[in-house]
Amino acid sequence: MKKEKKNPGKLPAWLTDPRLELPLRILVIGLSLFLAGLILVSTAKNYVNYLNARTAPVEEREEPVEVESMEEESFRIRWEPMNTAEPFAVTDPVYGWQREGDKIYYVNQDGRCLTGLHLVDGRWYYFAPDGTKASALGVDVSYYNEDVNWSAVRAQGIDFAIVRVGGRGWTYGVIYHDLRCRQYLHNACAAGLRVGVYFYSTAGSEREAAEEARTVLRVLDGQPLDLPVFIDVEESGEYPAGRVDRLSREARTKVIEAFCREIETGGYEAGIYSGQYFFNTQLYVKSLGERMIWIANYSAIERGQVPGFGAGYEIWQFTDRGKVKGITGYTDMNVIF
C-alpha cells in the first residue's frame with residue numbers, strides 16, 4: 001500500500017482561517033505606518049538641524065571634527081617645533097625658532113636652546129654654546145670629493161664653499177693643480193653659495209711662496225671671490241720628513257707674508273689656514289696683520305665649546321667628518337659666527 005505524499009506548498013490551516021484575515025491585515029498596516037513614522041521623524045530632525053545651522057551666526061557654527069584628530073594636533077603643536085617656510089619666523093612663544101634682537105635661537109621640546117651642529121627642517125645649522133645661531137655654515141672641498149651636487153648642498157643650509165686650487169708636494173716640491181677647482185667654483189656660484197679658495201703650501205722660501213701665489217692667480221684668472229685666497233700651512237703627512245716640516249717659526253711666517261702680498265697685489269684678499277696648535281707654535285700670528293684667520297680645531301665641538309684663540313679668527317673648521325647631501329663621503333665643515 002503506497003503512502004500519501006505531503007504537499008510542501010500547502011499553507012497551515014490556521015493561516016487560511018477566514019476569521020484571522022482582518023486582524024492580520026490590520027497588523028501589517030500598523031507595522032508599515034510605524035516604520036514610515038520613524039523614517040519621517042528622523043528626516044525632519046535632520047532638516048531642522050540643517051536650517052538652524054544655516055541661520056546661526058558665523059562665530060557659532062562648528063565644523064564636525066573627530067576628537068582623536070584634535071588631540072593629535074594639540075600634542076604636535078605643543079611638543080614639536082613647527083616647520084615653517086621662513087625658518088627664522090617665531091611660530092610659537094616657547095618652542096621652535098626664537099628671535100631676540102639680532103640673535104636667533106632654536107628651542108627644542110625640552111625648552112632648551114640647541115647648541116652645536118643640528119639638522120632642523122632638513123637644513124644644517126650651527127649654534128654657539130649660548131644658543132646663538134651662527135651667521136654662516138660652509139664646506140671646503142677638493143678633487144677627492146668627486147662630483148658635487150651644489151644645488152643639493154645649498155638646499156641643506158650650506159652658505160659658502162672654500163675650494164682647493166692646488167698645492168705643492170711635501171716630498172719633491174712639485175706644484176699640482178686641483179682638476180675640479182674651476183668646475184666647483186662655477187657650479188657653487190651658480191647654486192648661490194659664497195666662494196673662496198685655498199692652496200696647500202710647502203714653500204720653503206719667499207720665492208717659492210710667491211710662485212705658489214702666482215699659480216693661484218693664473219687659475220682664478222680674475223674670477224670674483226667672496227672669501228679670501230687662503231694659504232694652507234701645516235705639518236706634512238710624513239712628519240718630520242716633509243720638505244718644510246723643520247722650517248723655523250720666523251722663516252715660515254715670512255713665507256706666509258710673501259704669499260699673501262703676491263695675492264693682494266693680484267687684487268684678491270689673502271688669508272691663512274692652519275690648525276690651532278700650529279698657529280700657536282709654528283707661526284708669529286701677530287706679524288700677519290689683519291688678514292683673515294681660518295682655524296682648524298676638532299676637539300672643541302666635542303666639549304660643546306668654541307676654540308679659544310688669543311689672536312682671534314673669522315672661520316672655524318670644526319670637523320672633517322661632516323655629511324652633507326650632494327657631497328660624496330665625508331667633508332670638512334666650517335662656521336662663521
# chains A, B, ... in the order shown; residues from 1 in each chain; ligands from 1
$ residues_around --residues "Asn187 in chain A" --least-positions-apart "3" --cutoff "10 Å" --atoms "only C-alpha atoms" --output "JSON, numbers by chain"
{"A": [148, 149, 150, 151, 182, 183, 184, 190, 191, 192, 193]}
$ write_last_selection --atoms "all heavy atoms" --output "PDB file, in the first residue's frame"
ATOM      1  N   VAL A 148      80.171  67.055  -7.137  1.00  0.00           N
ATOM      2  CA  VAL A 148      79.356  67.646  -6.083  1.00  0.00           C
ATOM      3  C   VAL A 148      78.077  68.210  -6.682  1.00  0.00           C
ATOM      4  O   VAL A 148      78.109  68.933  -7.683  1.00  0.00           O
ATOM      5  CB  VAL A 148      80.120  68.758  -5.341  1.00  0.00           C
ATOM      6  CG1 VAL A 148      79.215  69.437  -4.321  1.00  0.00           C
ATOM      7  CG2 VAL A 148      81.364  68.196  -4.670  1.00  0.00           C
ATOM      8  N   ASN A 149      76.949  67.866  -6.075  1.00  0.00           N
ATOM      9  CA  ASN A 149      75.658  68.447  -6.463  1.00  0.00           C
ATOM     10  C   ASN A 149      75.461  69.699  -5.613  1.00  0.00           C
ATOM     11  O   ASN A 149      74.953  69.638  -4.494  1.00  0.00           O
ATOM     12  CB  ASN A 149      74.534  67.436  -6.227  1.00  0.00           C
ATOM     13  CG  ASN A 149      73.175  67.948  -6.665  1.00  0.00           C
ATOM     14  OD1 ASN A 149      72.962  69.154  -6.780  1.00  0.00           O
ATOM     15  ND2 ASN A 149      72.251  67.042  -6.911  1.00  0.00           N
ATOM     16  N   TRP A 150      75.850  70.838  -6.166  1.00  0.00           N
ATOM     17  CA  TRP A 150      75.859  72.059  -5.366  1.00  0.00           C
ATOM     18  C   TRP A 150      74.460  72.554  -5.021  1.00  0.00           C
ATOM     19  O   TRP A 150      74.261  73.205  -3.994  1.00  0.00           O
ATOM     20  CB  TRP A 150      76.665  73.135  -6.086  1.00  0.00           C
ATOM     21  CG  TRP A 150      78.134  72.827  -6.075  1.00  0.00           C
ATOM     22  CD1 TRP A 150      78.893  72.357  -7.108  1.00  0.00           C
ATOM     23  CD2 TRP A 150      79.017  72.941  -4.949  1.00  0.00           C
ATOM     24  NE1 TRP A 150      80.194  72.165  -6.700  1.00  0.00           N
ATOM     25  CE2 TRP A 150      80.295  72.523  -5.373  1.00  0.00           C
ATOM     26  CE3 TRP A 150      78.858  73.361  -3.632  1.00  0.00           C
ATOM     27  CZ2 TRP A 150      81.402  72.516  -4.539  1.00  0.00           C
ATOM     28  CZ3 TRP A 150      79.955  73.351  -2.785  1.00  0.00           C
ATOM     29  CH2 TRP A 150      81.204  72.933  -3.239  1.00  0.00           C
ATOM     30  N   SER A 151      73.485  72.253  -5.857  1.00  0.00           N
ATOM     31  CA  SER A 151      72.110  72.644  -5.524  1.00  0.00           C
ATOM     32  C   SER A 151      71.633  71.900  -4.284  1.00  0.00           C
ATOM     33  O   SER A 151      70.965  72.476  -3.408  1.00  0.00           O
ATOM     34  CB  SER A 151      71.175  72.357  -6.710  1.00  0.00           C
ATOM     35  OG  SER A 151      71.512  73.151  -7.820  1.00  0.00           O
ATOM     36  N   ARG A 182      87.902  74.734 -11.051  1.00  0.00           N
ATOM     37  CA  ARG A 182      87.062  75.649 -11.826  1.00  0.00           C
ATOM     38  C   ARG A 182      85.622  75.147 -11.903  1.00  0.00           C
ATOM     39  O   ARG A 182      84.671  75.945 -11.855  1.00  0.00           O
ATOM     40  CB  ARG A 182      87.652  75.825 -13.222  1.00  0.00           C
ATOM     41  CG  ARG A 182      88.932  76.662 -13.223  1.00  0.00           C
ATOM     42  CD  ARG A 182      89.543  76.762 -14.594  1.00  0.00           C
ATOM     43  NE  ARG A 182      90.689  77.672 -14.589  1.00  0.00           N
ATOM     44  CZ  ARG A 182      91.551  77.794 -15.595  1.00  0.00           C
ATOM     45  NH1 ARG A 182      91.376  77.063 -16.699  1.00  0.00           N
ATOM     46  NH2 ARG A 182      92.558  78.632 -15.519  1.00  0.00           N
ATOM     47  N   GLN A 183      85.463  73.848 -12.034  1.00  0.00           N
ATOM     48  CA  GLN A 183      84.108  73.275 -12.059  1.00  0.00           C
ATOM     49  C   GLN A 183      83.385  73.562 -10.752  1.00  0.00           C
ATOM     50  O   GLN A 183      82.228  74.000 -10.749  1.00  0.00           O
ATOM     51  CB  GLN A 183      84.195  71.767 -12.293  1.00  0.00           C
ATOM     52  CG  GLN A 183      82.869  71.032 -12.147  1.00  0.00           C
ATOM     53  CD  GLN A 183      83.052  69.528 -12.031  1.00  0.00           C
ATOM     54  OE1 GLN A 183      84.111  68.996 -12.330  1.00  0.00           O
ATOM     55  NE2 GLN A 183      82.022  68.851 -11.570  1.00  0.00           N
ATOM     56  N   TYR A 184      84.069  73.326  -9.621  1.00  0.00           N
ATOM     57  CA  TYR A 184      83.471  73.577  -8.309  1.00  0.00           C
ATOM     58  C   TYR A 184      83.089  75.046  -8.162  1.00  0.00           C
ATOM     59  O   TYR A 184      81.982  75.378  -7.700  1.00  0.00           O
ATOM     60  CB  TYR A 184      84.450  73.206  -7.204  1.00  0.00           C
ATOM     61  CG  TYR A 184      84.608  71.728  -6.937  1.00  0.00           C
ATOM     62  CD1 TYR A 184      85.686  71.264  -6.179  1.00  0.00           C
ATOM     63  CD2 TYR A 184      83.697  70.792  -7.412  1.00  0.00           C
ATOM     64  CE1 TYR A 184      85.838  69.917  -5.906  1.00  0.00           C
ATOM     65  CE2 TYR A 184      83.849  69.443  -7.144  1.00  0.00           C
ATOM     66  CZ  TYR A 184      84.929  69.003  -6.382  1.00  0.00           C
ATOM     67  OH  TYR A 184      85.083  67.672  -6.116  1.00  0.00           O
ATOM     68  N   ALA A 190      76.820  79.243  -9.111  1.00  0.00           N
ATOM     69  CA  ALA A 190      75.527  79.128  -9.774  1.00  0.00           C
ATOM     70  C   ALA A 190      74.441  78.679  -8.804  1.00  0.00           C
ATOM     71  O   ALA A 190      73.272  79.038  -8.964  1.00  0.00           O
ATOM     72  CB  ALA A 190      75.621  78.147 -10.940  1.00  0.00           C
ATOM     73  N   ALA A 191      74.818  77.903  -7.789  1.00  0.00           N
ATOM     74  CA  ALA A 191      73.849  77.422  -6.805  1.00  0.00           C
ATOM     75  C   ALA A 191      73.577  78.445  -5.703  1.00  0.00           C
ATOM     76  O   ALA A 191      72.721  78.220  -4.843  1.00  0.00           O
ATOM     77  CB  ALA A 191      74.335  76.113  -6.184  1.00  0.00           C
ATOM     78  N   GLY A 192      74.322  79.561  -5.716  1.00  0.00           N
ATOM     79  CA  GLY A 192      74.068  80.622  -4.750  1.00  0.00           C
ATOM     80  C   GLY A 192      74.968  80.619  -3.534  1.00  0.00           C
ATOM     81  O   GLY A 192      74.700  81.328  -2.560  1.00  0.00           O
ATOM     82  N   LEU A 193      76.056  79.858  -3.554  1.00  0.00           N
ATOM     83  CA  LEU A 193      76.987  79.835  -2.426  1.00  0.00           C
ATOM     84  C   LEU A 193      78.051  80.917  -2.592  1.00  0.00           C
ATOM     85  O   LEU A 193      78.443  81.262  -3.709  1.00  0.00           O
ATOM     86  CB  LEU A 193      77.689  78.478  -2.313  1.00  0.00           C
ATOM     87  CG  LEU A 193      76.912  77.344  -1.662  1.00  0.00           C
ATOM     88  CD1 LEU A 193      75.919  76.722  -2.637  1.00  0.00           C
ATOM     89  CD2 LEU A 193      77.860  76.264  -1.130  1.00  0.00           C
TER      90      LEU A 193
END
$ residues_around --residues "range 124-135 of chain A" --least-positions-apart "4" --cutoff "7 Å" --atoms "only C-alpha atoms" --output "PDB file with N, CA, C and O atoms, in the first residue's frame"
ATOM      1  N   LYS A 103      69.707  88.346  17.482  1.00  0.00           N
ATOM      2  CA  LYS A 103      70.134  86.965  17.728  1.00  0.00           C
ATOM      3  C   LYS A 103      68.982  85.992  17.473  1.00  0.00           C
ATOM      4  O   LYS A 103      67.833  86.284  17.796  1.00  0.00           O
ATOM      5  N   ILE A 104      69.319  84.848  16.901  1.00  0.00           N
ATOM      6  CA  ILE A 104      68.322  83.830  16.568  1.00  0.00           C
ATOM      7  C   ILE A 104      68.658  82.539  17.302  1.00  0.00           C
ATOM      8  O   ILE A 104      69.828  82.136  17.364  1.00  0.00           O
ATOM      9  N   TYR A 105      67.632  81.900  17.868  1.00  0.00           N
ATOM     10  CA  TYR A 105      67.805  80.659  18.620  1.00  0.00           C
ATOM     11  C   TYR A 105      66.808  79.618  18.116  1.00  0.00           C
ATOM     12  O   TYR A 105      65.854  79.938  17.408  1.00  0.00           O
ATOM     13  N   CYS A 113      67.761  75.671  24.394  1.00  0.00           N
ATOM     14  CA  CYS A 113      68.309  76.129  23.120  1.00  0.00           C
ATOM     15  C   CYS A 113      69.261  75.076  22.562  1.00  0.00           C
ATOM     16  O   CYS A 113      70.064  74.501  23.300  1.00  0.00           O
ATOM     17  N   LEU A 114      69.162  74.843  21.257  1.00  0.00           N
ATOM     18  CA  LEU A 114      70.104  73.934  20.610  1.00  0.00           C
ATOM     19  C   LEU A 114      71.492  74.547  20.612  1.00  0.00           C
ATOM     20  O   LEU A 114      71.653  75.763  20.486  1.00  0.00           O
ATOM     21  N   THR A 115      72.515  73.703  20.754  1.00  0.00           N
ATOM     22  CA  THR A 115      73.908  74.130  20.635  1.00  0.00           C
ATOM     23  C   THR A 115      74.641  73.138  19.749  1.00  0.00           C
ATOM     24  O   THR A 115      74.282  71.962  19.687  1.00  0.00           O
ATOM     25  N   GLY A 116      75.669  73.611  19.063  1.00  0.00           N
ATOM     26  CA  GLY A 116      76.417  72.743  18.169  1.00  0.00           C
ATOM     27  C   GLY A 116      75.729  72.608  16.817  1.00  0.00           C
ATOM     28  O   GLY A 116      74.882  73.409  16.436  1.00  0.00           O
ATOM     29  N   LEU A 117      76.078  71.551  16.082  1.00  0.00           N
ATOM     30  CA  LEU A 117      75.553  71.318  14.732  1.00  0.00           C
ATOM     31  C   LEU A 117      74.262  70.522  14.801  1.00  0.00           C
ATOM     32  O   LEU A 117      74.209  69.467  15.427  1.00  0.00           O
ATOM     33  N   HIS A 118      73.220  71.027  14.141  1.00  0.00           N
ATOM     34  CA  HIS A 118      71.927  70.339  14.151  1.00  0.00           C
ATOM     35  C   HIS A 118      71.249  70.457  12.791  1.00  0.00           C
ATOM     36  O   HIS A 118      71.392  71.466  12.099  1.00  0.00           O
ATOM     37  N   LEU A 119      70.491  69.419  12.456  1.00  0.00           N
ATOM     38  CA  LEU A 119      69.671  69.412  11.246  1.00  0.00           C
ATOM     39  C   LEU A 119      68.250  69.812  11.647  1.00  0.00           C
ATOM     40  O   LEU A 119      67.592  69.093  12.395  1.00  0.00           O
ATOM     41  N   VAL A 120      67.796  70.962  11.180  1.00  0.00           N
ATOM     42  CA  VAL A 120      66.473  71.486  11.514  1.00  0.00           C
ATOM     43  C   VAL A 120      65.706  71.727  10.216  1.00  0.00           C
ATOM     44  O   VAL A 120      66.166  72.456   9.342  1.00  0.00           O
ATOM     45  N   GLN A 156      70.719  72.084   1.779  1.00  0.00           N
ATOM     46  CA  GLN A 156      70.948  71.572   3.138  1.00  0.00           C
ATOM     47  C   GLN A 156      71.419  72.662   4.092  1.00  0.00           C
ATOM     48  O   GLN A 156      71.804  72.382   5.218  1.00  0.00           O
ATOM     49  N   GLY A 157      71.407  73.913   3.632  1.00  0.00           N
ATOM     50  CA  GLY A 157      71.738  75.015   4.527  1.00  0.00           C
ATOM     51  C   GLY A 157      73.186  75.477   4.451  1.00  0.00           C
ATOM     52  O   GLY A 157      73.606  76.294   5.277  1.00  0.00           O
ATOM     53  N   GLY A 304      81.559  70.784  23.512  1.00  0.00           N
ATOM     54  CA  GLY A 304      80.489  71.772  23.475  1.00  0.00           C
ATOM     55  C   GLY A 304      80.997  73.186  23.581  1.00  0.00           C
ATOM     56  O   GLY A 304      80.300  74.062  24.104  1.00  0.00           O
ATOM     57  N   GLN A 305      82.206  73.437  23.057  1.00  0.00           N
ATOM     58  CA  GLN A 305      82.826  74.757  23.155  1.00  0.00           C
ATOM     59  C   GLN A 305      83.225  75.253  21.777  1.00  0.00           C
ATOM     60  O   GLN A 305      83.091  74.553  20.771  1.00  0.00           O
ATOM     61  N   VAL A 335      82.373  77.120  10.116  1.00  0.00           N
ATOM     62  CA  VAL A 335      81.333  78.029  10.593  1.00  0.00           C
ATOM     63  C   VAL A 335      81.894  79.427  10.754  1.00  0.00           C
ATOM     64  O   VAL A 335      83.076  79.615  11.087  1.00  0.00           O
ATOM     65  N   ILE A 336      81.049  80.412  10.452  1.00  0.00           N
ATOM     66  CA  ILE A 336      81.371  81.809  10.686  1.00  0.00           C
ATOM     67  C   ILE A 336      80.362  82.363  11.674  1.00  0.00           C
ATOM     68  O   ILE A 336      79.152  82.284  11.447  1.00  0.00           O
ATOM     69  N   PHE A 337      80.818  82.883  12.795  1.00  0.00           N
ATOM     70  CA  PHE A 337      79.915  83.437  13.803  1.00  0.00           C
ATOM     71  C   PHE A 337      79.718  84.919  13.540  1.00  0.00           C
ATOM     72  O   PHE A 337      78.909  85.484  13.167  1.00  0.00           O
TER      73      PHE A 337
END
$ closest_residue --among "A:Leu283, A:Ala203, A:Ala258, A:Leu288" --to "Gly173 in chain A" --atoms "only C-alpha atoms"
A:Ala203
$ atom_distance --atom1 "CA of Asp232 in chain A" --atom2 "CA of Tyr200 in chain A"
4.6 Å
$ atom_distance --atom1 "CA of Gly271 in chain A" --atom2 "CA of Leu225 in chain A"
12.6 Å
$ select_by_dssp --residues "range 153-300 of chain A" --states "strand (DSSP E)" --output "count of residues only"
34
$ closest_residue --among "A:Gln223, A:Tyr106, A:Arg291, A:Tyr273" --to "His186 in chain A" --atoms "only C-alpha atoms"
A:Gln223
$ residues_around --residues "Ile315 in chain A" --least-positions-apart "5" --cutoff "12 Å" --atoms "only C-alpha atoms" --output "ChimeraX atom specification"
/A:134-140,160-162,196,227-228,230,271-276,291-297,306-307,309,333-337
$ closest_residue --among "A:Val324, A:Cys189, A:Leu31, A:Val255" --to "Asp226 in chain A" --atoms "only C-alpha atoms"
A:Cys189
